[in-house]
Amino acid sequence: MTGEYVRAWRTGHGVELAVSRTVASGLIGVLDDLECALTGQRRRFARRPRPLPDRRLFPDAYFDREASDAFRAEHGEAMRRRVLDAVRRTAVLLGHARDSGEDPAVVSVPDVAVPDVFCALGHAQTLFVSRPRWNALVDWPTVTMRKGGRELTWLVTCQTALAEAALTAASQDTPAHPV
């Protein structure tokens, strides 16, 4: 299969997410970039990524800005650790699917891992929007023409497909591999 492809469906044990090898490799690179931005480490032979402050990663918990800043100061490290763990586990799932050699790569996401993958795909969008993602104004018809636009499109498409499949009740009629 050539080109870009994303599809998800519900199974009895979770969600199957089928992506083309191009998308799988791109997502793994994005998750690697996000991990580096969260930890402050640099990729091999690359410059240090721009740090992601908690204000960009996590929306305000309260209407009052000072209360929200205090909440982030108290809970920010634990929330960052949760996101980092989710990113690492998602990268492992995608890596196994990509390394299988199949095209499309089918990522088996057990029900217990769906929140991790959803969290990782959502927070990875922060790398490609200039404002916090919950306030970002994205011109979707032209998004692929800007730097990181393809990756942002993959993240949003995969997250949406994952959510739709996870919220669908599993049925006996669902084929095992509808690609």
# chains A, B, ... in the order shown; residues from 1 in each chain; ligands from 1
>>> closest_atom_pairs(of="segment 75-112 of chain A", to="segment 48-62 of chain A", cutoff="10 Å", atoms="only C-alpha atoms", output="JSON lines")
{"residue": "A:His75", "atom": "CA", "partner": "A:Asp54", "partner_atom": "CA", "distance": 9.9}
{"residue": "A:Gly76", "atom": "CA", "partner": "A:Asp54", "partner_atom": "CA", "distance": 6.4}
{"residue": "A:Glu77", "atom": "CA", "partner": "A:Asp54", "partner_atom": "CA", "distance": 8.7}
{"residue": "A:Met79", "atom": "CA", "partner": "A:Phe58", "partner_atom": "CA", "distance": 8.5}
{"residue": "A:Arg80", "atom": "CA", "partner": "A:Asp54", "partner_atom": "CA", "distance": 7.8}
{"residue": "A:Val83", "atom": "CA", "partner": "A:Leu57", "partner_atom": "CA", "distance": 9.4}
>>> select_by_dssp(residues="segment 64-151 of chain A", states="alpha helix (DSSP H)", output="ChimeraX atom specification")
/A:65-99,114-124,149-151
>>> atom_distance(atom1="atom CA of Ala18 of chain A", atom2="atom CA of Asp33 of chain A")
22.1 Å
>>> residues_around(residues="Ala165 of chain A", least_positions_apart="2", cutoff="12 Å", atoms="only C-alpha atoms", output="list in words")
Arg7, Ala8, Trp9, Arg10, Thr11, Gly12, His13, Gly14, Val15, Glu16, Leu17, Ala18, Val109, Pro110, Asp111, Val114, Phe118, Cys158, Gln159, Thr160, Ala161, Leu162, Ala163, Leu167, Thr168, Ala169, Ala170, Ser171 and Thr174 of chain A
>>> write_last_selection(atoms="N, CA and C atoms", output="mmCIF file, in the first residue's frame")
data_model
loop_
_atom_site.group_PDB
_atom_site.id
_atom_site.type_symbol
_atom_site.label_atom_id
_atom_site.label_comp_id
_atom_site.auth_asym_id
_atom_site.auth_seq_id
_atom_site.Cartn_x
_atom_site.Cartn_y
_atom_site.Cartn_z
ATOM 1 N N ARG A 7 -7.379 3.787 9.481
ATOM 2 C CA ARG A 7 -8.700 3.186 9.684
ATOM 3 C C ARG A 7 -8.690 2.479 11.030
ATOM 4 N N ALA A 8 -9.795 2.515 11.743
ATOM 5 C CA ALA A 8 -9.886 1.842 13.039
ATOM 6 C C ALA A 8 -11.218 1.120 13.142
ATOM 7 N N TRP A 9 -11.227 0.019 13.878
ATOM 8 C CA TRP A 9 -12.454 -0.726 14.115
ATOM 9 C C TRP A 9 -12.362 -1.396 15.482
ATOM 10 N N ARG A 10 -13.512 -1.677 16.009
ATOM 11 C CA ARG A 10 -13.642 -2.274 17.335
ATOM 12 C C ARG A 10 -13.524 -3.777 17.232
ATOM 13 N N THR A 11 -12.836 -4.364 18.179
ATOM 14 C CA THR A 11 -12.783 -5.819 18.302
ATOM 15 C C THR A 11 -13.254 -6.168 19.709
ATOM 16 N N GLY A 12 -13.336 -7.424 19.999
ATOM 17 C CA GLY A 12 -13.801 -7.840 21.316
ATOM 18 C C GLY A 12 -12.876 -7.433 22.449
ATOM 19 N N HIS A 13 -11.603 -7.274 22.165
ATOM 20 C CA HIS A 13 -10.636 -6.971 23.221
ATOM 21 C C HIS A 13 -10.116 -5.535 23.181
ATOM 22 N N GLY A 14 -10.546 -4.754 22.223
ATOM 23 C CA GLY A 14 -10.057 -3.386 22.121
ATOM 24 C C GLY A 14 -10.318 -2.802 20.749
ATOM 25 N N VAL A 15 -9.330 -2.096 20.245
ATOM 26 C CA VAL A 15 -9.439 -1.425 18.956
ATOM 27 C C VAL A 15 -8.246 -1.812 18.094
ATOM 28 N N GLU A 16 -8.514 -2.029 16.844
ATOM 29 C CA GLU A 16 -7.449 -2.233 15.863
ATOM 30 C C GLU A 16 -7.331 -0.937 15.073
ATOM 31 N N LEU A 17 -6.133 -0.405 14.990
ATOM 32 C CA LEU A 17 -5.871 0.830 14.256
ATOM 33 C C LEU A 17 -4.916 0.482 13.119
ATOM 34 N N ALA A 18 -5.408 0.564 11.884
ATOM 35 C CA ALA A 18 -4.581 0.248 10.720
ATOM 36 C C ALA A 18 -4.099 1.553 10.108
ATOM 37 N N VAL A 109 -4.746 -2.193 19.949
ATOM 38 C CA VAL A 109 -4.825 -1.361 21.154
ATOM 39 C C VAL A 109 -5.838 -1.999 22.105
ATOM 40 N N PRO A 110 -5.356 -2.675 23.156
ATOM 41 C CA PRO A 110 -6.290 -3.256 24.117
ATOM 42 C C PRO A 110 -7.099 -2.149 24.802
ATOM 43 N N ASP A 111 -8.264 -2.496 25.315
ATOM 44 C CA ASP A 111 -9.120 -1.507 25.974
ATOM 45 C C ASP A 111 -8.373 -0.709 27.040
ATOM 46 N N VAL A 114 -6.278 2.163 25.399
ATOM 47 C CA VAL A 114 -6.930 3.213 24.602
ATOM 48 C C VAL A 114 -6.707 4.600 25.204
ATOM 49 N N PHE A 118 -4.844 7.678 23.177
ATOM 50 C CA PHE A 118 -5.607 8.913 22.990
ATOM 51 C C PHE A 118 -4.855 10.096 23.600
ATOM 52 N N CYS A 158 -5.978 9.936 13.404
ATOM 53 C CA CYS A 158 -5.832 8.712 14.201
ATOM 54 C C CYS A 158 -6.574 8.824 15.527
ATOM 55 N N GLN A 159 -6.495 9.980 16.172
ATOM 56 C CA GLN A 159 -7.189 10.163 17.441
ATOM 57 C C GLN A 159 -8.703 10.063 17.259
ATOM 58 N N THR A 160 -9.205 10.674 16.194
ATOM 59 C CA THR A 160 -10.639 10.620 15.913
ATOM 60 C C THR A 160 -11.082 9.193 15.601
ATOM 61 N N ALA A 161 -10.330 8.500 14.750
ATOM 62 C CA ALA A 161 -10.674 7.121 14.390
ATOM 63 C C ALA A 161 -10.636 6.217 15.619
ATOM 64 N N LEU A 162 -9.629 6.410 16.464
ATOM 65 C CA LEU A 162 -9.516 5.612 17.688
ATOM 66 C C LEU A 162 -10.716 5.855 18.600
ATOM 67 N N ALA A 163 -11.083 7.108 18.793
ATOM 68 C CA ALA A 163 -12.217 7.430 19.662
ATOM 69 C C ALA A 163 -13.514 6.843 19.125
ATOM 70 N N LEU A 167 -15.605 3.824 21.097
ATOM 71 C CA LEU A 167 -16.945 4.087 21.619
ATOM 72 C C LEU A 167 -18.029 3.256 20.939
ATOM 73 N N THR A 168 -17.653 2.524 19.904
ATOM 74 C CA THR A 168 -18.594 1.667 19.196
ATOM 75 C C THR A 168 -18.681 0.326 19.913
ATOM 76 N N ALA A 169 -19.875 -0.170 20.053
ATOM 77 C CA ALA A 169 -20.045 -1.488 20.668
ATOM 78 C C ALA A 169 -19.552 -2.546 19.705
ATOM 79 N N ALA A 170 -18.810 -3.503 20.219
ATOM 80 C CA ALA A 170 -18.323 -4.601 19.383
ATOM 81 C C ALA A 170 -19.503 -5.449 18.943
ATOM 82 N N SER A 171 -19.497 -5.846 17.681
ATOM 83 C CA SER A 171 -20.587 -6.673 17.185
ATOM 84 C C SER A 171 -20.011 -7.961 16.580
ATOM 85 N N THR A 174 -18.505 -7.611 12.876
ATOM 86 C CA THR A 174 -17.277 -6.899 12.553
ATOM 87 C C THR A 174 -16.229 -7.892 12.083
#
>>> residues_around(residues="Leu31 of chain A", least_positions_apart="4", cutoff="8 Å", atoms="only C-alpha atoms", output="PyMOL selection string")
chain A and resi 27+35+87-88+91+120+124
>>> select_by_dssp(residues="segment 20-116 of chain A", states="strand (DSSP E)", output="list of chain:residue names")
A:Ala105, A:Val106, A:Val107, A:Ser108, A:Val109, A:Pro110
>>> write_last_selection(atoms="N, CA, C and O atoms", output="PDB file, in the first residue's frame")
ATOM      1  N   ALA A 105       0.159  -1.214   8.611  1.00  0.00           N
ATOM      2  CA  ALA A 105       0.562  -1.702   9.924  1.00  0.00           C
ATOM      3  C   ALA A 105      -0.673  -1.661  10.815  1.00  0.00           C
ATOM      4  O   ALA A 105      -1.350  -0.643  10.897  1.00  0.00           O
ATOM      5  N   VAL A 106      -0.997  -2.768  11.450  1.00  0.00           N
ATOM      6  CA  VAL A 106      -2.179  -2.842  12.304  1.00  0.00           C
ATOM      7  C   VAL A 106      -1.730  -2.808  13.756  1.00  0.00           C
ATOM      8  O   VAL A 106      -1.015  -3.689  14.218  1.00  0.00           O
ATOM      9  N   VAL A 107      -2.155  -1.767  14.445  1.00  0.00           N
ATOM     10  CA  VAL A 107      -1.822  -1.572  15.852  1.00  0.00           C
ATOM     11  C   VAL A 107      -2.977  -2.120  16.679  1.00  0.00           C
ATOM     12  O   VAL A 107      -4.098  -1.631  16.569  1.00  0.00           O
ATOM     13  N   SER A 108      -2.708  -3.140  17.471  1.00  0.00           N
ATOM     14  CA  SER A 108      -3.720  -3.687  18.365  1.00  0.00           C
ATOM     15  C   SER A 108      -3.667  -2.908  19.666  1.00  0.00           C
ATOM     16  O   SER A 108      -2.666  -2.933  20.377  1.00  0.00           O
ATOM     17  N   VAL A 109      -4.746  -2.193  19.949  1.00  0.00           N
ATOM     18  CA  VAL A 109      -4.825  -1.361  21.154  1.00  0.00           C
ATOM     19  C   VAL A 109      -5.838  -1.999  22.105  1.00  0.00           C
ATOM     20  O   VAL A 109      -7.040  -1.894  21.888  1.00  0.00           O
ATOM     21  N   PRO A 110      -5.356  -2.675  23.156  1.00  0.00           N
ATOM     22  CA  PRO A 110      -6.290  -3.256  24.117  1.00  0.00           C
ATOM     23  C   PRO A 110      -7.099  -2.149  24.802  1.00  0.00           C
ATOM     24  O   PRO A 110      -6.663  -1.000  24.873  1.00  0.00           O
TER      25      PRO A 110
END
>>> closest_residue(among="A:Val6, A:Val112, A:Ala86, A:Val23", to="Glu151 of chain A", atoms="only C-alpha atoms")
A:Val23
>>> closest_residue(among="A:Thr126, A:Asp103, A:Ala37, A:Glu164", to="Tyr5 of chain A", atoms="only C-alpha atoms")
A:Asp103
>>> atom_distance(atom1="atom CA of Gly149 of chain A", atom2="atom CA of Phe128 of chain A")
7.3 Å
>>> closest_residue(among="A:Arg81, A:Glu102, A:Thr90, A:Asp116", to="Gly29 of chain A", atoms="only C-alpha atoms")
A:Thr90
>>> decode(residues="segment 93-133 of chain A", atoms="N, CA and C atoms", output="PDB file, in the first residue's frame")
ATOM      1  N   LEU A  93       3.692   0.318  21.041  1.00  0.00           N
ATOM      2  CA  LEU A  93       2.623  -0.303  20.240  1.00  0.00           C
ATOM      3  C   LEU A  93       2.815  -0.021  18.755  1.00  0.00           C
ATOM      4  N   LEU A  94       3.080   1.243  18.421  1.00  0.00           N
ATOM      5  CA  LEU A  94       3.279   1.609  17.010  1.00  0.00           C
ATOM      6  C   LEU A  94       4.533   0.969  16.437  1.00  0.00           C
ATOM      7  N   GLY A  95       5.583   0.901  17.241  1.00  0.00           N
ATOM      8  CA  GLY A  95       6.834   0.290  16.778  1.00  0.00           C
ATOM      9  C   GLY A  95       6.663  -1.172  16.440  1.00  0.00           C
ATOM     10  N   HIS A  96       5.935  -1.912  17.289  1.00  0.00           N
ATOM     11  CA  HIS A  96       5.681  -3.335  17.011  1.00  0.00           C
ATOM     12  C   HIS A  96       4.891  -3.496  15.714  1.00  0.00           C
ATOM     13  N   ALA A  97       3.898  -2.642  15.514  1.00  0.00           N
ATOM     14  CA  ALA A  97       3.077  -2.735  14.298  1.00  0.00           C
ATOM     15  C   ALA A  97       3.906  -2.396  13.065  1.00  0.00           C
ATOM     16  N   ARG A  98       4.717  -1.344  13.157  1.00  0.00           N
ATOM     17  CA  ARG A  98       5.534  -0.946  12.009  1.00  0.00           C
ATOM     18  C   ARG A  98       6.566  -2.015  11.685  1.00  0.00           C
ATOM     19  N   ASP A  99       7.179  -2.591  12.722  1.00  0.00           N
ATOM     20  CA  ASP A  99       8.228  -3.586  12.522  1.00  0.00           C
ATOM     21  C   ASP A  99       7.701  -4.923  12.026  1.00  0.00           C
ATOM     22  N   SER A 100       6.380  -5.106  12.046  1.00  0.00           N
ATOM     23  CA  SER A 100       5.813  -6.364  11.554  1.00  0.00           C
ATOM     24  C   SER A 100       6.029  -6.517  10.058  1.00  0.00           C
ATOM     25  N   GLY A 101       6.258  -5.408   9.372  1.00  0.00           N
ATOM     26  CA  GLY A 101       6.486  -5.456   7.931  1.00  0.00           C
ATOM     27  C   GLY A 101       5.218  -5.434   7.109  1.00  0.00           C
ATOM     28  N   GLU A 102       4.070  -5.487   7.758  1.00  0.00           N
ATOM     29  CA  GLU A 102       2.807  -5.469   7.018  1.00  0.00           C
ATOM     30  C   GLU A 102       2.467  -4.044   6.588  1.00  0.00           C
ATOM     31  N   ASP A 103       1.747  -3.948   5.487  1.00  0.00           N
ATOM     32  CA  ASP A 103       1.256  -2.648   5.052  1.00  0.00           C
ATOM     33  C   ASP A 103      -0.198  -2.809   4.669  1.00  0.00           C
ATOM     34  N   PRO A 104      -1.128  -2.268   5.387  1.00  0.00           N
ATOM     35  CA  PRO A 104      -0.943  -1.322   6.476  1.00  0.00           C
ATOM     36  C   PRO A 104      -0.486  -2.014   7.759  1.00  0.00           C
ATOM     37  N   ALA A 105       0.159  -1.214   8.611  1.00  0.00           N
ATOM     38  CA  ALA A 105       0.562  -1.702   9.924  1.00  0.00           C
ATOM     39  C   ALA A 105      -0.673  -1.661  10.815  1.00  0.00           C
ATOM     40  N   VAL A 106      -0.997  -2.768  11.450  1.00  0.00           N
ATOM     41  CA  VAL A 106      -2.179  -2.842  12.304  1.00  0.00           C
ATOM     42  C   VAL A 106      -1.730  -2.808  13.756  1.00  0.00           C
ATOM     43  N   VAL A 107      -2.155  -1.767  14.445  1.00  0.00           N
ATOM     44  CA  VAL A 107      -1.822  -1.572  15.852  1.00  0.00           C
ATOM     45  C   VAL A 107      -2.977  -2.120  16.679  1.00  0.00           C
ATOM     46  N   SER A 108      -2.708  -3.140  17.471  1.00  0.00           N
ATOM     47  CA  SER A 108      -3.720  -3.687  18.365  1.00  0.00           C
ATOM     48  C   SER A 108      -3.667  -2.908  19.666  1.00  0.00           C
ATOM     49  N   VAL A 109      -4.746  -2.193  19.949  1.00  0.00           N
ATOM     50  CA  VAL A 109      -4.825  -1.361  21.154  1.00  0.00           C
ATOM     51  C   VAL A 109      -5.838  -1.999  22.105  1.00  0.00           C
ATOM     52  N   PRO A 110      -5.356  -2.675  23.156  1.00  0.00           N
ATOM     53  CA  PRO A 110      -6.290  -3.256  24.117  1.00  0.00           C
ATOM     54  C   PRO A 110      -7.099  -2.149  24.802  1.00  0.00           C
ATOM     55  N   ASP A 111      -8.264  -2.496  25.315  1.00  0.00           N
ATOM     56  CA  ASP A 111      -9.120  -1.507  25.974  1.00  0.00           C
ATOM     57  C   ASP A 111      -8.373  -0.709  27.040  1.00  0.00           C
ATOM     58  N   VAL A 112      -7.500  -1.358  27.806  1.00  0.00           N
ATOM     59  CA  VAL A 112      -6.785  -0.652  28.874  1.00  0.00           C
ATOM     60  C   VAL A 112      -5.773   0.346  28.328  1.00  0.00           C
ATOM     61  N   ALA A 113      -5.349   0.188  27.064  1.00  0.00           N
ATOM     62  CA  ALA A 113      -4.362   1.081  26.471  1.00  0.00           C
ATOM     63  C   ALA A 113      -4.976   2.217  25.657  1.00  0.00           C
ATOM     64  N   VAL A 114      -6.278   2.163  25.399  1.00  0.00           N
ATOM     65  CA  VAL A 114      -6.930   3.213  24.602  1.00  0.00           C
ATOM     66  C   VAL A 114      -6.707   4.600  25.204  1.00  0.00           C
ATOM     67  N   PRO A 115      -6.876   4.788  26.530  1.00  0.00           N
ATOM     68  CA  PRO A 115      -6.622   6.127  27.083  1.00  0.00           C
ATOM     69  C   PRO A 115      -5.184   6.609  26.877  1.00  0.00           C
ATOM     70  N   ASP A 116      -4.209   5.687  26.955  1.00  0.00           N
ATOM     71  CA  ASP A 116      -2.812   6.069  26.720  1.00  0.00           C
ATOM     72  C   ASP A 116      -2.605   6.581  25.298  1.00  0.00           C
ATOM     73  N   VAL A 117      -3.111   5.831  24.329  1.00  0.00           N
ATOM     74  CA  VAL A 117      -2.924   6.213  22.926  1.00  0.00           C
ATOM     75  C   VAL A 117      -3.640   7.528  22.646  1.00  0.00           C
ATOM     76  N   PHE A 118      -4.844   7.678  23.177  1.00  0.00           N
ATOM     77  CA  PHE A 118      -5.607   8.913  22.990  1.00  0.00           C
ATOM     78  C   PHE A 118      -4.855  10.096  23.600  1.00  0.00           C
ATOM     79  N   CYS A 119      -4.316   9.910  24.793  1.00  0.00           N
ATOM     80  CA  CYS A 119      -3.549  10.955  25.478  1.00  0.00           C
ATOM     81  C   CYS A 119      -2.293  11.323  24.678  1.00  0.00           C
ATOM     82  N   ALA A 120      -1.562  10.327  24.213  1.00  0.00           N
ATOM     83  CA  ALA A 120      -0.325  10.584  23.461  1.00  0.00           C
ATOM     84  C   ALA A 120      -0.610  11.325  22.153  1.00  0.00           C
ATOM     85  N   LEU A 121      -1.624  10.880  21.420  1.00  0.00           N
ATOM     86  CA  LEU A 121      -1.958  11.539  20.155  1.00  0.00           C
ATOM     87  C   LEU A 121      -2.446  12.967  20.387  1.00  0.00           C
ATOM     88  N   GLY A 122      -3.183  13.180  21.450  1.00  0.00           N
ATOM     89  CA  GLY A 122      -3.684  14.515  21.756  1.00  0.00           C
ATOM     90  C   GLY A 122      -2.572  15.474  22.153  1.00  0.00           C
ATOM     91  N   HIS A 123      -1.689  15.040  23.043  1.00  0.00           N
ATOM     92  CA  HIS A 123      -0.615  15.919  23.495  1.00  0.00           C
ATOM     93  C   HIS A 123       0.443  16.135  22.417  1.00  0.00           C
ATOM     94  N   ALA A 124       0.607  15.194  21.511  1.00  0.00           N
ATOM     95  CA  ALA A 124       1.574  15.375  20.420  1.00  0.00           C
ATOM     96  C   ALA A 124       1.172  16.525  19.494  1.00  0.00           C
ATOM     97  N   GLN A 125      -0.110  16.843  19.441  1.00  0.00           N
ATOM     98  CA  GLN A 125      -0.565  17.964  18.608  1.00  0.00           C
ATOM     99  C   GLN A 125       0.043  19.280  19.068  1.00  0.00           C
ATOM    100  N   THR A 126       0.431  19.359  20.329  1.00  0.00           N
ATOM    101  CA  THR A 126       1.026  20.570  20.886  1.00  0.00           C
ATOM    102  C   THR A 126       2.285  20.975  20.120  1.00  0.00           C
ATOM    103  N   LEU A 127       2.980  20.017  19.549  1.00  0.00           N
ATOM    104  CA  LEU A 127       4.207  20.314  18.805  1.00  0.00           C
ATOM    105  C   LEU A 127       3.945  21.114  17.533  1.00  0.00           C
ATOM    106  N   PHE A 128       2.706  21.089  17.027  1.00  0.00           N
ATOM    107  CA  PHE A 128       2.427  21.657  15.707  1.00  0.00           C
ATOM    108  C   PHE A 128       1.466  22.839  15.698  1.00  0.00           C
ATOM    109  N   VAL A 129       1.024  23.258  16.859  1.00  0.00           N
ATOM    110  CA  VAL A 129       0.131  24.422  16.914  1.00  0.00           C
ATOM    111  C   VAL A 129       0.803  25.517  17.722  1.00  0.00           C
ATOM    112  N   SER A 130       0.569  26.757  17.317  1.00  0.00           N
ATOM    113  CA  SER A 130       1.267  27.879  17.948  1.00  0.00           C
ATOM    114  C   SER A 130       0.675  28.276  19.289  1.00  0.00           C
ATOM    115  N   ARG A 131      -0.570  27.962  19.511  1.00  0.00           N
ATOM    116  CA  ARG A 131      -1.231  28.255  20.783  1.00  0.00           C
ATOM    117  C   ARG A 131      -1.606  26.938  21.425  1.00  0.00           C
ATOM    118  N   PRO A 132      -2.005  26.946  22.690  1.00  0.00           N
ATOM    119  CA  PRO A 132      -2.465  25.680  23.284  1.00  0.00           C
ATOM    120  C   PRO A 132      -3.531  25.036  22.403  1.00  0.00           C
ATOM    121  N   ARG A 133      -3.466  23.723  22.253  1.00  0.00           N
ATOM    122  CA  ARG A 133      -4.296  23.017  21.276  1.00  0.00           C
ATOM    123  C   ARG A 133      -5.787  23.204  21.495  1.00  0.00           C
TER     124      ARG A 133
END
